Amino acid sequence: MAKLPTLLVLALVALTANAAPSGKHVSAQAKSTQRSTQTCSNEANGGEHCGDILSASPAASTSISGFARRAIRSRVMKRVGQDTAAVVAPWEAACVKAGGGDECNAIASAAARTLLAAANPCAQQDSADAMVDLANTLSNDAEMIRLARIFAQQPRNTPTSQAVSYCQKAPKNAELAGLFQCQFQSVDETNFVGGLTVGSPGTIPFGQDAPLSPPGSCAASPEGPIPDGFQLLDFLQEF
């Protein structure tokens, strides 16, 4: 047991060196002025766990205490979330303004849940289709459709800092054709939820035959992923 502190220090130093964020990521975070304030109450209905999701570290497990392993794993495997209700609020406001009535809140609430990590890969796209469907009954309301297109590309939560799989079917509405979600900046774009590697089914957006370049990008953010917890809408001038 006398050697325990030395082993712990060496493990932490090695992990810190390997997991240090790139200069680009640090720069993006330094400029951030808005962060998510989501609490456990928002996740409770979606089946997600609050806080970091931890995964065993085989290399450290044979010589480091359980407490030390938890500290190391929390550095490597981090939950990335957002205020899902705030994401759909602009669409709901546009819907109410257009005369959508009670359907606005029902569709928006369902859409917010599709951004949780436990959601089906196509649930987000299905909700975007529901948004467009209602907009089409309200004189094809342009703002509702625009916001539905942005929602379809909003990053989804991930419990393990892994990228989230893409829907593998075409959307119902032509307005959503070719759209898929961005990823958050801190996720590992080479490792998808479930342990999938790039090139496996679900790791390439529907209709494409090669991995995304740059990884984590989408039509509304072609330069790459967006800062953790942010709304895609905050970065757009026009879309």
# chains A, B, ... in the order shown; residues from 1 in each chain; ligands from 1
call {"tool": "residues_around", "arguments": {"residues": "region 218-220 of chain A", "least_positions_apart": "4", "cutoff": "10 Å", "atoms": "only C-alpha atoms", "output": "number ranges by chain"}}
result
A: 149-150, 153-155, 178-183, 205, 212-214, 224-226, 232-233, 235-239
call {"tool": "select_by_dssp", "arguments": {"residues": "region 123-204 of chain A", "states": "strand (DSSP E or B)", "output": "short mmCIF file (atom, residue, chain, number, x, y, z; two decimals) with all heavy atoms, in the first residue's frame"}}
result
data_model
loop_
_atom_site.label_atom_id
_atom_site.label_comp_id
_atom_site.auth_asym_id
_atom_site.auth_seq_id
_atom_site.Cartn_x
_atom_site.Cartn_y
_atom_site.Cartn_z
N THR A 158 -24.85 12.85 -25.05
CA THR A 158 -24.13 11.58 -25.03
C THR A 158 -23.70 11.30 -23.60
O THR A 158 -23.22 12.20 -22.91
CB THR A 158 -22.90 11.61 -25.96
OG1 THR A 158 -22.13 10.41 -25.76
CG2 THR A 158 -22.02 12.82 -25.73
N GLN A 162 -18.93 9.85 -26.28
CA GLN A 162 -18.86 9.20 -27.59
C GLN A 162 -19.83 9.89 -28.54
O GLN A 162 -20.83 10.47 -28.14
CB GLN A 162 -19.23 7.72 -27.47
CG GLN A 162 -18.25 6.90 -26.64
CD GLN A 162 -18.78 5.51 -26.37
OE1 GLN A 162 -19.85 5.35 -25.78
NE2 GLN A 162 -18.05 4.50 -26.79
N ALA A 163 -19.52 9.82 -29.84
CA ALA A 163 -20.40 10.40 -30.84
C ALA A 163 -21.72 9.63 -30.89
O ALA A 163 -21.78 8.45 -30.53
CB ALA A 163 -19.73 10.38 -32.21
N PHE A 184 -21.31 17.44 -30.50
CA PHE A 184 -20.66 18.41 -29.62
C PHE A 184 -19.14 18.27 -29.71
O PHE A 184 -18.61 17.20 -30.03
CB PHE A 184 -21.12 18.22 -28.17
CG PHE A 184 -22.50 18.75 -27.90
CD1 PHE A 184 -23.48 17.94 -27.33
CD2 PHE A 184 -22.83 20.07 -28.19
CE1 PHE A 184 -24.75 18.44 -27.06
CE2 PHE A 184 -24.10 20.57 -27.93
CZ PHE A 184 -25.06 19.75 -27.36
N ASP A 188 -15.70 12.06 -28.80
CA ASP A 188 -14.71 11.34 -29.59
C ASP A 188 -15.35 10.95 -30.91
O ASP A 188 -16.16 10.03 -30.97
CB ASP A 188 -14.25 10.10 -28.81
CG ASP A 188 -13.20 9.29 -29.56
OD1 ASP A 188 -12.85 9.66 -30.70
OD2 ASP A 188 -12.74 8.28 -29.00
N GLU A 189 -14.99 11.63 -31.99
CA GLU A 189 -15.62 11.41 -33.29
C GLU A 189 -15.23 10.07 -33.93
O GLU A 189 -15.79 9.69 -34.96
CB GLU A 189 -15.27 12.55 -34.25
CG GLU A 189 -15.59 13.94 -33.74
CD GLU A 189 -17.07 14.21 -33.62
OE1 GLU A 189 -17.87 13.36 -34.05
OE2 GLU A 189 -17.44 15.27 -33.07
N THR A 190 -14.26 9.38 -33.34
CA THR A 190 -13.85 8.08 -33.88
C THR A 190 -14.51 6.93 -33.16
O THR A 190 -14.33 5.77 -33.52
CB THR A 190 -12.32 7.91 -33.79
OG1 THR A 190 -11.93 7.83 -32.40
CG2 THR A 190 -11.60 9.08 -34.45
N ASN A 191 -15.29 7.25 -32.13
CA ASN A 191 -15.88 6.22 -31.28
C ASN A 191 -17.33 6.59 -31.00
O ASN A 191 -17.61 7.59 -30.34
CB ASN A 191 -15.08 6.12 -29.98
CG ASN A 191 -15.58 5.01 -29.08
OD1 ASN A 191 -16.32 4.12 -29.49
ND2 ASN A 191 -15.17 5.06 -27.82
N PHE A 192 -18.27 5.80 -31.50
CA PHE A 192 -19.69 6.09 -31.35
C PHE A 192 -20.29 5.29 -30.20
O PHE A 192 -19.75 4.27 -29.78
CB PHE A 192 -20.44 5.76 -32.65
CG PHE A 192 -20.30 6.81 -33.72
CD1 PHE A 192 -19.08 6.98 -34.37
CD2 PHE A 192 -21.35 7.65 -34.05
CE1 PHE A 192 -18.94 7.96 -35.35
CE2 PHE A 192 -21.22 8.63 -35.02
CZ PHE A 192 -20.01 8.78 -35.67
N LEU A 196 -19.19 1.57 -31.44
CA LEU A 196 -19.07 1.49 -32.89
C LEU A 196 -17.91 2.34 -33.39
O LEU A 196 -17.68 3.45 -32.90
CB LEU A 196 -20.37 1.96 -33.55
CG LEU A 196 -21.64 1.19 -33.21
CD1 LEU A 196 -22.85 1.85 -33.86
CD2 LEU A 196 -21.51 -0.27 -33.68
N THR A 197 -17.18 1.82 -34.35
CA THR A 197 -16.10 2.58 -34.97
C THR A 197 -16.59 3.21 -36.26
O THR A 197 -17.58 2.77 -36.86
CB THR A 197 -14.90 1.67 -35.26
OG1 THR A 197 -15.32 0.58 -36.09
CG2 THR A 197 -14.30 1.14 -33.97
#
call {"tool": "closest_residue", "arguments": {"among": "A:Arg156, A:Lys169, A:Arg146, A:Lys97", "to": "Gln124 (chain A)", "atoms": "only C-alpha atoms"}}
result
A:Arg156
call {"tool": "closest_atom_pairs", "arguments": {"of": "region 138-157 of chain A", "to": "region 89-96 of chain A", "cutoff": "7 Å", "atoms": "only C-alpha atoms", "output": "JSON lines"}}
result
{"residue": "A:Glu143", "atom": "CA", "partner": "A:Ala94", "partner_atom": "CA", "distance": 6.6}
{"residue": "A:Met144", "atom": "CA", "partner": "A:Ala94", "partner_atom": "CA", "distance": 5.8}
{"residue": "A:Leu147", "atom": "CA", "partner": "A:Trp91", "partner_atom": "CA", "distance": 5.6}
{"residue": "A:Ala148", "atom": "CA", "partner": "A:Trp91", "partner_atom": "CA", "distance": 6.9}
call {"tool": "residues_around", "arguments": {"residues": "Ala135 (chain A)", "least_positions_apart": "5", "cutoff": "9 Å", "atoms": "only C-alpha atoms", "output": "PyMOL selection string"}}
result
chain A and resi 95+98+100+130+140-145
call {"tool": "atom_distance", "arguments": {"atom1": "CA of Thr84 (chain A)", "atom2": "CA of Thr160 (chain A)"}}
result
17.8 Å
call {"tool": "select_by_dssp", "arguments": {"residues": "region 147-212 of chain A", "states": "helix (DSSP H, G or I)", "output": "list in words"}}
result
Leu147, Ala148, Arg149, Ile150, Phe151, Ala174, Glu175 and Leu176 of chain A
call {"tool": "atom_distance", "arguments": {"atom1": "CA of Phe206 (chain A)", "atom2": "CA of Pro171 (chain A)"}}
result
9.8 Å
call {"tool": "closest_residue", "arguments": {"among": "A:Gln208, A:Ala177, A:Phe230, A:Ser165", "to": "Gly194 (chain A)", "atoms": "only C-alpha atoms"}}
result
A:Ser165
call {"tool": "atom_distance", "arguments": {"atom1": "CA of Ala117 (chain A)", "atom2": "CA of Arg79 (chain A)"}}
result
9.6 Å
call {"tool": "residues_around", "arguments": {"residues": "Asn157 (chain A)", "least_positions_apart": "6", "cutoff": "8 Å", "atoms": "only C-alpha atoms", "output": "NGL selection string"}}
result
:A and (79-82 or 115-117 or 164)
call {"tool": "closest_residue", "arguments": {"among": "A:Ser221, A:Gln168, A:Asn173, A:Ser161", "to": "Ser200 (chain A)", "atoms": "only C-alpha atoms"}}
result
A:Gln168
